[in-house]
Every structure is written in C-alpha cells, then in structure tokens.
$ cat structure.pdb   # PDB, C-alpha atoms
MODEL        1
ATOM      1  CA  MET A 224      75.389 -43.579  61.870
ATOM      2  CA  GLU A 225      72.584 -42.457  59.554
ATOM      3  CA  PRO A 226      71.729 -44.811  56.654
ATOM      4  CA  PRO A 227      72.646 -43.617  53.135
ATOM      5  CA  LEU A 228      70.031 -41.415  51.459
ATOM      6  CA  GLN A 229      68.956 -44.173  49.049
ATOM      7  CA  GLU A 230      68.100 -46.432  52.032
ATOM      8  CA  GLN A 231      66.043 -43.806  53.860
ATOM      9  CA  PRO A 232      62.278 -43.666  53.264
ATOM     10  CA  VAL A 233      61.230 -41.060  50.720
ATOM     11  CA  ALA A 234      59.024 -38.373  52.202
ATOM     12  CA  TRP A 235      57.167 -35.459  50.653
ATOM     13  CA  ALA A 236      56.103 -32.217  52.299
ATOM     14  CA  ARG A 237      54.053 -29.115  51.588
ATOM     15  CA  LEU A 238      53.190 -26.046  53.600
ATOM     16  CA  ARG A 239      50.343 -26.605  56.024
ATOM     17  CA  VAL A 240      50.030 -22.932  56.939
ATOM     18  CA  ASP A 241      49.647 -19.796  54.850
ATOM     19  CA  VAL A 242      53.161 -18.340  55.086
ATOM     20  CA  ASN A 243      55.492 -16.862  52.517
ATOM     21  CA  CYS A 244      58.786 -18.766  52.839
ATOM     22  CA  GLY A 245      59.832 -19.414  49.250
ATOM     23  CA  LEU A 246      57.614 -22.462  48.678
ATOM     24  CA  ARG A 247      54.620 -22.599  46.387
ATOM     25  CA  ARG A 248      51.524 -23.133  48.519
ATOM     26  CA  GLY A 249      49.908 -26.485  47.727
ATOM     27  CA  ALA A 250      53.029 -27.849  46.022
ATOM     28  CA  TRP A 251      54.691 -31.058  47.214
ATOM     29  CA  TYR A 252      58.479 -31.143  47.630
ATOM     30  CA  ARG A 253      60.734 -34.129  48.305
ATOM     31  CA  ILE A 254      62.422 -34.042  51.696
ATOM     32  CA  VAL A 255      66.143 -34.573  51.198
ATOM     33  CA  GLN A 256      67.219 -34.243  54.837
ATOM     34  CA  VAL A 257      65.852 -33.692  58.314
ATOM     35  CA  ALA A 258      68.105 -31.576  60.485
ATOM     36  CA  GLY A 259      66.877 -30.744  63.973
ATOM     37  CA  ASN A 260      63.667 -28.745  63.722
ATOM     38  CA  ASP A 261      64.027 -28.234  59.961
ATOM     39  CA  ALA A 262      63.275 -30.351  56.926
ATOM     40  CA  VAL A 263      65.428 -29.624  53.902
ATOM     41  CA  LEU A 264      63.276 -29.651  50.774
ATOM     42  CA  GLU A 265      64.460 -30.316  47.241
ATOM     43  CA  LEU A 266      64.199 -27.115  45.222
ATOM     44  CA  THR A 267      66.142 -25.867  42.251
ATOM     45  CA  PRO A 268      68.781 -24.484  42.296
ATOM     46  CA  GLU A 269      69.340 -24.942  46.045
ATOM     47  CA  PRO A 270      67.595 -27.097  48.689
ATOM     48  CA  VAL A 271      65.627 -25.026  51.211
ATOM     49  CA  PRO A 272      65.399 -25.628  54.980
ATOM     50  CA  VAL A 273      61.876 -25.122  56.364
ATOM     51  CA  PRO A 274      60.723 -25.476  59.988
ATOM     52  CA  ARG A 275      59.035 -28.875  60.264
ATOM     53  CA  ARG A 276      56.148 -27.375  62.236
ATOM     54  CA  LEU A 277      55.092 -25.525  59.059
ATOM     55  CA  LEU A 278      54.922 -28.699  56.962
ATOM     56  CA  GLU A 279      52.522 -31.523  56.250
ATOM     57  CA  THR A 280      54.519 -34.686  55.541
ATOM     58  CA  VAL A 281      53.542 -37.892  53.732
ATOM     59  CA  PHE A 282      55.506 -41.007  52.761
ATOM     60  CA  HIS A 283      53.842 -41.657  49.392
ATOM     61  CA  ARG A 284      54.096 -39.110  46.626
ATOM     62  CA  PRO A 285      50.714 -37.413  46.162
ATOM     63  CA  PHE A 286      49.218 -37.457  42.677
ATOM     64  CA  ARG A 287      46.216 -35.162  43.163
ATOM     65  CA  TRP A 288      45.886 -31.457  42.500
ATOM     66  CA  SER A 289      45.905 -29.295  45.636
ATOM     67  CA  VAL A 290      43.182 -26.647  45.674
ATOM     68  CA  VAL A 291      44.638 -23.518  47.268
ATOM     69  CA  PRO A 292      42.650 -20.565  48.591
ATOM     70  CA  ARG A 293      44.141 -17.453  47.019
ATOM     71  CA  PRO A 294      46.797 -16.092  49.421
ATOM     72  CA  HIS A 295      46.650 -12.385  50.199
ATOM     73  CA  ASP A 296      50.270 -12.054  49.002
ATOM     74  CA  ALA A 297      49.981 -14.261  45.889
ATOM     75  CA  LEU A 298      52.463 -13.462  43.129
ATOM     76  CA  ASN A 299      51.839 -14.145  39.456
ATOM     77  CA  VAL A 300      48.319 -15.479  40.049
ATOM     78  CA  PRO A 301      45.875 -13.810  37.629
ATOM     79  CA  SER A 302      43.061 -12.012  39.429
ATOM     80  CA  ASP A 303      40.471 -13.561  37.092
ATOM     81  CA  TRP A 304      41.239 -16.991  38.606
ATOM     82  CA  GLY A 305      39.041 -16.031  41.526
ATOM     83  CA  SER A 306      39.321 -17.124  45.140
ATOM     84  CA  SER A 307      41.220 -20.375  44.554
ATOM     85  CA  TYR A 308      43.484 -22.170  42.107
ATOM     86  CA  ALA A 309      45.013 -25.635  41.730
ATOM     87  CA  VAL A 310      48.651 -26.764  41.979
ATOM     88  CA  CYS A 311      49.919 -29.714  39.932
ATOM     89  CA  PRO A 312      51.205 -32.571  42.120
ATOM     90  CA  VAL A 313      54.107 -33.300  39.755
ATOM     91  CA  CYS A 314      55.485 -30.062  38.302
ATOM     92  CA  ARG A 315      53.975 -27.533  40.763
ATOM     93  CA  THR A 316      52.363 -25.431  38.041
ATOM     94  CA  ARG A 317      49.385 -23.353  39.132
ATOM     95  CA  ALA A 318      46.174 -23.511  37.114
ATOM     96  CA  PRO A 319      42.710 -21.971  37.318
ATOM     97  CA  VAL A 320      39.820 -24.100  38.515
ATOM     98  CA  ALA A 321      36.333 -23.595  37.091
ATOM     99  CA  GLY A 322      33.521 -25.490  38.758
ATOM    100  CA  ARG A 323      34.438 -28.745  40.523
ATOM    101  CA  PRO A 324      36.161 -30.974  37.951
ATOM    102  CA  VAL A 325      37.088 -34.517  38.962
ATOM    103  CA  ASP A 326      40.351 -34.397  36.967
ATOM    104  CA  LEU A 327      42.542 -31.656  35.523
ATOM    105  CA  ARG A 328      45.182 -31.767  32.790
ATOM    106  CA  CYS A 329      48.323 -29.836  33.649
ATOM    107  CA  PRO A 330      49.119 -27.137  31.071
ATOM    108  CA  ARG A 331      52.857 -27.657  31.677
ATOM    109  CA  CYS A 332      53.572 -31.392  32.163
ATOM    110  CA  HIS A 333      50.300 -32.547  30.493
ATOM    111  CA  GLY A 334      49.616 -35.083  33.251
ATOM    112  CA  VAL A 335      45.996 -35.753  34.159
ATOM    113  CA  PHE A 336      45.386 -36.007  37.909
ATOM    114  CA  GLY A 337      42.410 -36.055  40.223
ATOM    115  CA  VAL A 338      41.538 -32.960  42.221
ATOM    116  CA  ALA A 339      41.751 -33.204  46.019
ATOM    117  CA  TRP A 340      38.393 -31.566  46.741
ATOM    118  CA  GLY A 341      38.078 -33.500  50.014
ATOM    119  CA  GLU A 342      41.132 -31.789  51.506
ATOM    120  CA  ARG A 343      40.654 -28.577  53.403
ATOM    121  CA  TYR A 344      44.064 -27.261  52.424
ATOM    122  CA  LEU A 345      44.920 -24.043  54.274
ATOM    123  CA  ALA A 346      41.361 -23.843  55.557
ATOM    124  CA  PRO A 347      40.759 -21.123  58.160
ATOM    125  CA  GLY A 348      41.252 -22.362  61.689
ATOM    126  CA  ARG A 349      43.960 -24.952  60.968
ATOM    127  CA  ASP A 350      46.528 -24.983  63.723
ATOM    128  CA  VAL A 351      50.285 -24.646  63.316
TER     129      VAL A 351
ENDMDL
END
$ encode --input "structure.pdb" --output "structure tokens"
Amino acid sequence: MEPPLQEQPVAWARLRVDVNCGLRRGAWYRIVQVAGNDAVLELTPEPVPVPRRLLETVFHRPFRWSVVPRPHDALNVPSDWGSSYAVCPVCRTRAPVAGRPVDLRCPRCHGVFGVAWGERYLAPGRDV
C-alpha cells in the first residue's frame, strides 16, 4: 500500500529537454504522483502526466531563476528579449534578462531570487 500523499516526499520537476508538451520550459512543477513511466505534475486546471525521461527531478524546491535559451517554437516571448529569458522559480513568469544580474525581481509575484547562471539548462548536447 502506498503511503498517503502528505507522507510522501515532495518532489519538483522541470523539462530537461526542449520539447513542447504543455509545460513552460525552465519552470518547476510539483510532482503529485508517479505512475509507471510518467510523473503527474501539478498544473491548473488539471494535473498533467509527462514521461519521466523528459524531466529533471529534485527533492527541494528550487528558488533560483532558470535561464532558458529561446525555443524555436516559443509562444508569447517578445522577440526583443533576445536569445534567452528567465523563468521565475515560484510563479513561472517569464522575464527578460539583460546582462548577467545576480538577482532578479519577478514582475508578477515580486519575489527576488538568484539567477542560476551556473546551470546549463537545455544546453545543446544534453541527452534525453
């Protein structure tokens, strides 16, 4: 028998490959269930199952902005943002990045978080 949800460890996941599957690239989502080869991620209005092989998973909620190379199929990302943008670790809002700031303030939730410049998120050559 599986332990109740409140007794299970909390895990967070984001895409680790550049695919269009209904998730915002760079955004962290809480895993609400693991079912076979899929992880079910908490989204509104409905949770979304995603193949686990497409996800990076951590057991502590990240609190740093993800820097995302502009996807070729990006929607609603202004062209003047250039070749990359940042995604808020809390509310998943996208924001432009100018230079290499240490911290950014989110225009939506107003949180101030460090920028994960050391990550090579969606860098070319990452394996699935």
$ residues_around --input "structure.pdb" --residues "A:Asn299" --least-positions-apart "6" --cutoff "12 Å" --atoms "only C-alpha atoms" --output "PyMOL selection string"
chain A and resi 247+293+308+316-318
$ atom_distance --input "structure.pdb" --atom1 "atom CA of A:Trp340" --atom2 "atom CA of A:Glu265"
26.1 Å
$ residues_near_point --input "structure.pdb" --point "(41.2, -28.5, 46.4)" --cutoff "7 Å" --atoms "all atoms listed in the file" --output "CSV table (one decimal) with C-alpha atoms, keeping the file's coordinate frame"
chain,number,residue,atom,x,y,z
A,288,TRP,CA,45.9,-31.5,42.5
A,289,SER,CA,45.9,-29.3,45.6
A,290,VAL,CA,43.2,-26.6,45.7
A,291,VAL,CA,44.6,-23.5,47.3
A,309,ALA,CA,45.0,-25.6,41.7
A,338,VAL,CA,41.5,-33.0,42.2
A,339,ALA,CA,41.8,-33.2,46.0
A,340,TRP,CA,38.4,-31.6,46.7
A,341,GLY,CA,38.1,-33.5,50.0
A,342,GLU,CA,41.1,-31.8,51.5
A,344,TYR,CA,44.1,-27.3,52.4
$ residues_around --input "structure.pdb" --residues "A:Asp326" --least-positions-apart "4" --cutoff "7 Å" --atoms "only C-alpha atoms" --output "list in words"
Val335, Phe336, Gly337 and Val338 of chain A
$ residues_around --input "structure.pdb" --residues "A:Gly334" --least-positions-apart "3" --cutoff "12 Å" --atoms "all atoms listed in the file" --output "JSON, numbers by chain"
{"A": [286, 287, 288, 311, 312, 313, 314, 315, 316, 326, 327, 328, 329, 330, 331, 337]}
$ resolve_selection --input "structure.pdb" --expression "the PyMOL selection byres ((chain A and resi 250-262) around 7)" --output "JSON, numbers by chain"
{"A": [234, 235, 236, 237, 247, 248, 249, 263, 264, 265, 272, 273, 274, 275, 310, 312, 315]}
$ atom_distance --input "structure.pdb" --atom1 "atom CA of A:Val233" --atom2 "atom CA of A:Pro292"
27.7 Å
$ atom_distance --input "structure.pdb" --atom1 "atom CA of A:Arg239" --atom2 "atom CA of A:Val281"
12.0 Å
$ closest_residue --input "structure.pdb" --among "A:Val320, A:Leu266, A:Leu238, A:Val300" --to "A:Glu279" --atoms "all atoms listed in the file"
A:Leu238
$ closest_residue --input "structure.pdb" --among "A:Pro285, A:Glu269, A:Pro294, A:Arg323" --to "A:Val242" --atoms "only C-alpha atoms"
A:Pro294
$ closest_residue --input "structure.pdb" --among "A:Val325, A:Gly245, A:Val240, A:Cys332" --to "A:Arg276" --atoms "all atoms listed in the file"
A:Val240
$ axis_aligned_box --input "structure.pdb" --around "stretch 289-295 of chain A" --padding-each-side "5 Å" --output "AutoDock Vina command-line options"
--center_x 44.7 --center_y -20.8 --center_z 47.9 --size_x 14.1 --size_y 26.9 --size_z 14.6
$ closest_residue --input "structure.pdb" --among "A:Asp303, A:Leu278, A:Asp241, A:Pro270" --to "A:Leu345" --atoms "only C-alpha atoms"
A:Asp241
